[in-house]
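Below: target37.pdb (PDB, C-alpha atoms)
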```pdb
ATOM      1  CA  LYS A   1      80.916  83.531  81.968
ATOM      2  CA  SER A   2      81.123  80.750  84.459
ATOM      3  CA  GLY A   3      78.370  78.893  86.278
ATOM      4  CA  GLY A   4      75.653  80.384  88.402
ATOM      5  CA  LYS A   5      72.149  81.517  87.656
ATOM      6  CA  THR A   6      71.639  84.404  85.277
ATOM      7  CA  MET A   7      69.900  87.211  87.128
ATOM      8  CA  THR A   8      67.386  89.220  85.124
ATOM      9  CA  GLY A   9      66.254  91.607  87.839
ATOM     10  CA  HIS A  10      62.751  90.133  87.810
ATOM     11  CA  GLU A  11      63.261  87.219  90.218
ATOM     12  CA  GLY A  12      61.707  88.825  93.297
ATOM     13  CA  HIS A  13      58.458  90.154  91.831
ATOM     14  CA  LEU A  14      55.460  89.554  94.102
ATOM     15  CA  GLY A  15      57.232  87.012  96.255
ATOM     16  CA  ILE A  16      57.850  84.509  93.483
ATOM     17  CA  GLN A  17      60.720  82.284  94.449
ATOM     18  CA  SER A  18      62.505  79.893  92.182
ATOM     19  CA  THR A  19      63.265  76.573  93.815
ATOM     20  CA  GLY A  20      65.161  75.307  90.824
ATOM     21  CA  ASN A  21      62.826  72.296  90.811
ATOM     22  CA  GLU A  22      60.105  73.718  88.571
ATOM     23  CA  THR A  23      60.151  70.825  86.148
ATOM     24  CA  ASP A  24      60.519  68.059  88.753
ATOM     25  CA  SER A  25      56.748  67.645  89.018
ATOM     26  CA  ASN A  26      56.743  66.545  85.387
ATOM     27  CA  SER A  27      59.241  63.765  86.060
ATOM     28  CA  ALA A  28      56.898  62.170  88.626
ATOM     29  CA  MET A  29      54.455  61.551  85.781
ATOM     30  CA  LYS A  30      56.510  59.601  83.288
ATOM     31  CA  MET A  31      55.023  59.670  79.814
ATOM     32  CA  GLU A  32      55.973  57.459  76.937
ATOM     33  CA  LEU A  33      55.218  58.187  73.320
ATOM     34  CA  PRO A  34      55.291  55.612  70.528
ATOM     35  CA  GLY A  35      57.837  56.255  67.782
ATOM     36  CA  THR A  36      55.256  57.701  65.376
ATOM     37  CA  ALA A  37      54.167  60.302  67.944
ATOM     38  CA  GLN A  38      57.791  61.177  68.721
ATOM     39  CA  VAL A  39      58.436  61.741  65.011
ATOM     40  CA  ALA A  40      55.334  63.954  64.760
ATOM     41  CA  PHE A  41      56.405  66.077  67.739
ATOM     42  CA  GLN A  42      59.951  66.333  66.364
ATOM     43  CA  SER A  43      58.449  67.615  63.084
ATOM     44  CA  ALA A  44      56.044  69.948  64.925
ATOM     45  CA  LEU A  45      58.906  71.554  66.814
ATOM     46  CA  ALA A  46      59.976  73.676  63.805
ATOM     47  CA  PRO A  47      56.624  75.476  63.331
ATOM     48  CA  TYR A  48      56.196  75.646  67.136
ATOM     49  CA  LEU A  49      59.514  77.514  67.433
ATOM     50  CA  LYS A  50      58.418  79.890  64.635
ATOM     51  CA  MET A  51      55.136  80.414  66.488
ATOM     52  CA  LYS A  52      57.066  81.203  69.693
ATOM     53  CA  ASP A  53      59.148  83.750  67.757
ATOM     54  CA  ALA A  54      55.947  85.295  66.356
ATOM     55  CA  PHE A  55      54.697  85.645  69.950
ATOM     56  CA  VAL A  56      57.977  87.409  70.805
ATOM     57  CA  ALA A  57      57.354  89.768  67.863
ATOM     58  CA  SER A  58      53.679  90.162  68.913
ATOM     59  CA  ASP A  59      52.615  89.227  65.369
ATOM     60  CA  ALA A  60      49.164  87.638  65.831
ATOM     61  CA  GLN A  61      48.825  86.730  62.137
ATOM     62  CA  LYS A  62      52.104  84.769  62.067
ATOM     63  CA  VAL A  63      51.265  83.202  65.434
ATOM     64  CA  SER A  64      48.032  81.918  63.913
ATOM     65  CA  THR A  65      49.773  80.649  60.773
ATOM     66  CA  PHE A  66      52.459  78.704  62.654
ATOM     67  CA  SER A  67      49.930  77.420  65.185
ATOM     68  CA  LYS A  68      47.915  75.969  62.307
ATOM     69  CA  GLU A  69      51.073  74.365  60.838
ATOM     70  CA  THR A  70      51.907  72.803  64.202
ATOM     71  CA  LEU A  71      48.347  71.522  64.601
ATOM     72  CA  GLU A  72      48.303  69.975  61.108
ATOM     73  CA  ILE A  73      51.416  67.935  61.931
ATOM     74  CA  LEU A  74      50.067  66.800  65.311
ATOM     75  CA  LYS A  75      46.704  65.749  63.831
ATOM     76  CA  SER A  76      48.539  62.693  62.458
ATOM     77  CA  ILE A  77      48.962  61.248  65.971
ATOM     78  CA  SER A  78      46.475  58.467  66.625
ATOM     79  CA  ASP A  79      44.937  58.370  70.111
ATOM     80  CA  SER A  80      44.736  54.587  69.937
ATOM     81  CA  ASP A  81      48.528  54.344  70.305
ATOM     82  CA  LEU A  82      48.588  56.462  73.460
ATOM     83  CA  GLY A  83      48.043  55.968  77.183
ATOM     84  CA  LYS A  84      45.410  58.044  79.000
ATOM     85  CA  MET A  85      47.837  60.692  80.261
ATOM     86  CA  GLU A  86      49.436  61.107  76.840
ATOM     87  CA  GLN A  87      45.980  61.327  75.226
ATOM     88  CA  ALA A  88      44.957  64.054  77.691
ATOM     89  CA  HIS A  89      48.102  66.120  77.035
ATOM     90  CA  ILE A  90      47.917  65.781  73.251
ATOM     91  CA  SER A  91      44.179  66.508  73.214
ATOM     92  CA  LYS A  92      44.788  69.725  75.202
ATOM     93  CA  ILE A  93      47.691  70.664  72.901
ATOM     94  CA  LYS A  94      45.470  70.282  69.825
ATOM     95  CA  LYS A  95      42.656  72.266  71.483
ATOM     96  CA  MET A  96      45.000  75.140  72.423
ATOM     97  CA  LEU A  97      46.581  75.220  68.948
ATOM     98  CA  LYS A  98      43.078  75.397  67.450
ATOM     99  CA  SER A  99      42.166  78.281  69.798
ATOM    100  CA  ILE A 100      45.375  80.142  68.936
ATOM    101  CA  THR A 101      44.769  79.590  65.208
ATOM    102  CA  GLU A 102      41.210  80.916  65.402
ATOM    103  CA  SER A 103      42.161  84.173  67.125
ATOM    104  CA  ASP A 104      43.691  87.270  65.547
ATOM    105  CA  ASP A 105      44.302  89.048  68.880
ATOM    106  CA  ILE A 106      47.736  88.468  70.434
ATOM    107  CA  GLU A 107      46.395  89.177  73.938
ATOM    108  CA  LYS A 108      43.798  86.413  73.502
ATOM    109  CA  GLN A 109      46.351  84.033  71.978
ATOM    110  CA  ARG A 110      48.876  84.319  74.831
ATOM    111  CA  PRO A 111      46.755  82.637  77.564
ATOM    112  CA  HIS A 112      46.227  79.680  75.206
ATOM    113  CA  PHE A 113      50.003  79.574  74.676
ATOM    114  CA  VAL A 114      50.436  79.222  78.467
ATOM    115  CA  VAL A 115      48.165  76.151  78.554
ATOM    116  CA  LEU A 116      49.680  74.806  75.344
ATOM    117  CA  ASN A 117      53.127  74.859  76.946
ATOM    118  CA  GLN A 118      51.921  73.256  80.182
ATOM    119  CA  ASN A 119      51.138  70.247  77.993
ATOM    120  CA  PHE A 120      53.712  70.627  75.190
ATOM    121  CA  VAL A 121      56.846  70.886  77.351
ATOM    122  CA  PRO A 122      56.323  67.568  79.228
ATOM    123  CA  ILE A 123      55.657  65.783  75.916
ATOM    124  CA  VAL A 124      58.759  67.222  74.224
ATOM    125  CA  LYS A 125      60.814  66.119  77.239
ATOM    126  CA  THR A 126      59.937  62.490  76.395
ATOM    127  CA  ILE A 127      61.378  62.638  72.868
ATOM    128  CA  LYS A 128      64.596  60.709  72.497
ATOM    129  CA  GLY A 129      67.395  62.141  70.377
ATOM    130  CA  LEU A 130      65.812  65.569  69.984
ATOM    131  CA  ASN A 131      67.456  67.626  67.270
ATOM    132  CA  PRO A 132      68.101  70.527  67.613
ATOM    133  CA  LYS A 133      68.818  70.882  71.315
ATOM    134  CA  VAL A 134      66.134  73.087  72.862
ATOM    135  CA  TYR A 135      65.795  74.930  76.141
ATOM    136  CA  VAL A 136      62.904  75.114  78.575
ATOM    137  CA  GLN A 137      62.518  78.692  79.711
ATOM    138  CA  LYS A 138      60.250  80.311  82.270
ATOM    139  CA  CYS A 139      58.939  83.788  82.931
ATOM    140  CA  PRO A 140      57.942  84.096  86.605
ATOM    141  CA  MET A 141      55.609  87.027  85.899
ATOM    142  CA  ALA A 142      53.537  85.529  83.071
ATOM    143  CA  ASN A 143      50.210  83.807  83.724
ATOM    144  CA  ASN A 144      49.146  86.274  86.433
ATOM    145  CA  ASN A 145      52.457  85.888  88.282
ATOM    146  CA  ARG A 146      52.116  82.090  88.452
ATOM    147  CA  GLY A 147      54.851  81.701  85.861
ATOM    148  CA  ALA A 148      54.762  80.194  82.397
ATOM    149  CA  PHE A 149      57.101  78.017  80.346
ATOM    150  CA  TRP A 150      58.069  77.848  76.707
ATOM    151  CA  ILE A 151      60.587  76.069  74.506
ATOM    152  CA  SER A 152      63.324  77.915  72.664
ATOM    153  CA  GLU A 153      66.275  76.903  70.546
ATOM    154  CA  ASP A 154      68.225  79.907  71.881
ATOM    155  CA  ILE A 155      69.633  79.995  75.393
ATOM    156  CA  GLU A 156      69.128  83.781  75.407
ATOM    157  CA  ILE A 157      65.706  84.800  76.721
ATOM    158  CA  SER A 158      63.196  86.265  74.274
ATOM    159  CA  ASN A 159      59.956  86.328  76.242
ATOM    160  CA  PRO A 160      56.891  85.314  74.172
ATOM    161  CA  TYR A 161      54.443  86.370  76.886
ATOM    162  CA  TYR A 162      55.355  90.049  77.025
ATOM    163  CA  GLY A 163      57.168  90.716  73.746
ATOM    164  CA  GLU A 164      58.767  94.171  73.664
ATOM    165  CA  GLN A 165      57.509  95.056  77.156
ATOM    166  CA  MET A 166      59.850  92.663  78.956
ATOM    167  CA  MET A 167      61.885  90.938  76.279
ATOM    168  CA  THR A 168      64.483  89.410  78.615
ATOM    169  CA  CYS A 169      62.313  88.566  81.641
ATOM    170  CA  GLY A 170      62.817  84.914  82.476
ATOM    171  CA  SER A 171      65.445  82.242  82.796
ATOM    172  CA  THR A 172      66.531  78.992  81.196
ATOM    173  CA  ILE A 173      65.614  76.188  83.579
ATOM    174  CA  ASP A 174      66.363  73.054  81.542
ATOM    175  CA  SER A 175      67.673  71.764  78.222
ATOM    176  CA  ILE A 176      66.369  68.882  76.129
ATOM    177  CA  GLN A 177      68.415  66.952  73.616
TER
END
```

Write the structure described by the file as structure tokens, please.
Amino acid sequence: KSGGKTMTGHEGHLGIQSTGNETDSNSAMKMELPGTAQVAFQSALAPYLKMKDAFVASDAQKVSTFSKETLEILKSISDSDLGKMEQAHISKIKKMLKSITESDDIEKQRPHFVVLNQNFVPIVKTIKGLNPKVYVQKCPMANNNRGAFWISEDIEISNPYYGEQMMTCGSTIDSIQ
């Protein structure tokens, strides 16, 4: 395989067009996290990735379990060390993780996962020396055809928003290391 965008056959649905600049809006708002918050997010990445995999498997119970694990790690972040934008993102992340944890219905958990990732992805992009390397992926059809992001440690697409229905719908749009 050499270069070029991987085509999934889902790119043209309902007039959605990829500009290739989907994550550029995040770079206009530069966030900075103190070292303690970066460490917490690095630690939270492991249960987050397990939660994402549970979404792929449509296992609401495991989604809830890993959401709770992720939330417990992120509760250690003190708002006093953060700027207003960082506080807003982290507050929304915690709220969405709590909502996911409290639900046992995968179809109710998925919309919270959309909002979680709208806040989680920009934060993870600020972490320096991220290990392991992760990928930002996007399904153009999720979120009522507005598109939705997630983080994966695999470059291959396993869509957490549709599970078995459309396992490979989406594309890798960025990598973070």

Among the residues A:Ser76, A:Ser64, A:Gln87, A:Asn119, the one that comes closest to Asp104 in chain A [using all atoms listed in the file]: A:Ser64

For range 151-153 of chain A, find every residue with an atom within 6 Å (counting only C-alpha atoms), except residues of its own chain fewer than 6 positions away, and show them as a tab-separated table (two decimals) with C-alpha atoms, in the frame of the given file.
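Once everything was written out, this is out.tsv:
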```tsv
chain	number	residue	atom	x	y	z
A	134	VAL	CA	66.13	73.09	72.86
A	135	TYR	CA	65.80	74.93	76.14
A	136	VAL	CA	62.90	75.11	78.58
```

Between CA of Asp53 in chain A and CA of Pro160 in chain A, measure the distance and give it in Å to one decimal.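 So the answer is 7.0 Å.
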
Extract, using only C-alpha atoms, all DNA, RNA and protein residues at most 10 Å from Asp105 in chain A, discarding same-chain residues fewer than 5 positions from it, and format them as a list of chain:residue names. A:Ser58, A:Asp59, A:Ala60, A:Gln61, A:Val63, A:Ser64, A:Ile100, A:Arg110

Residues at most 12 Å from Ala44 in chain A, counting only C-alpha atoms, excluding those fewer than 5 positions away in the same chain, as a PDB file with C-alpha atoms, in the frame of the given file?
```pdb
ATOM      1  CA  ALA A  37      54.167  60.302  67.944  1.00  0.00           C
ATOM      2  CA  GLN A  38      57.791  61.177  68.721  1.00  0.00           C
ATOM      3  CA  VAL A  39      58.436  61.741  65.011  1.00  0.00           C
ATOM      4  CA  LEU A  49      59.514  77.514  67.433  1.00  0.00           C
ATOM      5  CA  LYS A  50      58.418  79.890  64.635  1.00  0.00           C
ATOM      6  CA  MET A  51      55.136  80.414  66.488  1.00  0.00           C
ATOM      7  CA  PHE A  66      52.459  78.704  62.654  1.00  0.00           C
ATOM      8  CA  SER A  67      49.930  77.420  65.185  1.00  0.00           C
ATOM      9  CA  LYS A  68      47.915  75.969  62.307  1.00  0.00           C
ATOM     10  CA  GLU A  69      51.073  74.365  60.838  1.00  0.00           C
ATOM     11  CA  THR A  70      51.907  72.803  64.202  1.00  0.00           C
ATOM     12  CA  LEU A  71      48.347  71.522  64.601  1.00  0.00           C
ATOM     13  CA  GLU A  72      48.303  69.975  61.108  1.00  0.00           C
ATOM     14  CA  ILE A  73      51.416  67.935  61.931  1.00  0.00           C
ATOM     15  CA  LEU A  74      50.067  66.800  65.311  1.00  0.00           C
ATOM     16  CA  LYS A  75      46.704  65.749  63.831  1.00  0.00           C
ATOM     17  CA  SER A  76      48.539  62.693  62.458  1.00  0.00           C
ATOM     18  CA  ILE A  77      48.962  61.248  65.971  1.00  0.00           C
ATOM     19  CA  ILE A  93      47.691  70.664  72.901  1.00  0.00           C
ATOM     20  CA  LYS A  94      45.470  70.282  69.825  1.00  0.00           C
ATOM     21  CA  LEU A  97      46.581  75.220  68.948  1.00  0.00           C
ATOM     22  CA  PHE A 120      53.712  70.627  75.190  1.00  0.00           C
ATOM     23  CA  ILE A 123      55.657  65.783  75.916  1.00  0.00           C
ATOM     24  CA  VAL A 124      58.759  67.222  74.224  1.00  0.00           C
ATOM     25  CA  LEU A 130      65.812  65.569  69.984  1.00  0.00           C
ATOM     26  CA  ASN A 131      67.456  67.626  67.270  1.00  0.00           C
TER      27      ASN A 131
END
```

For Ser99 in chain A, work out the shell of residues within 7 Å, counting all atoms listed in the file and skipping chain neighbours fewer than 4 positions away, then give it as number ranges by chain. A: 95, 103, 112

Using all atoms listed in the file, find the one residue out of A:Thr126, A:Ser175, A:Asn117, A:Thr36 that sits nearest to Ala148 in chain A. A:Asn117

If we count all atoms listed in the file, what is near Cys139 in chain A at a cut-off of 10 Å, once residues fewer than 2 positions away on the same chain are taken out, given as a ChimeraX atom specification? /A:10-11,137,141-143,145-150,157-162,166,168-172

Pairwise distance for CA of Lys52 in chain A and CA of Lys30 in chain A, rounded to one decimal in Å: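 About the pair CA of Lys52 in chain A and CA of Lys30 in chain A: they are 25.5 Å apart.
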
I'd like the interatomic distance between CA of Gly83 in chain A and CA of Phe113 in chain A, to a tenth of an Å. 23.8 Å

Determine the residue membership of the PyMOL selection byres ((chain A and resi 177) around 6) for the file above and supply it as a PyMOL selection string. chain A and resi 129-130+133+176
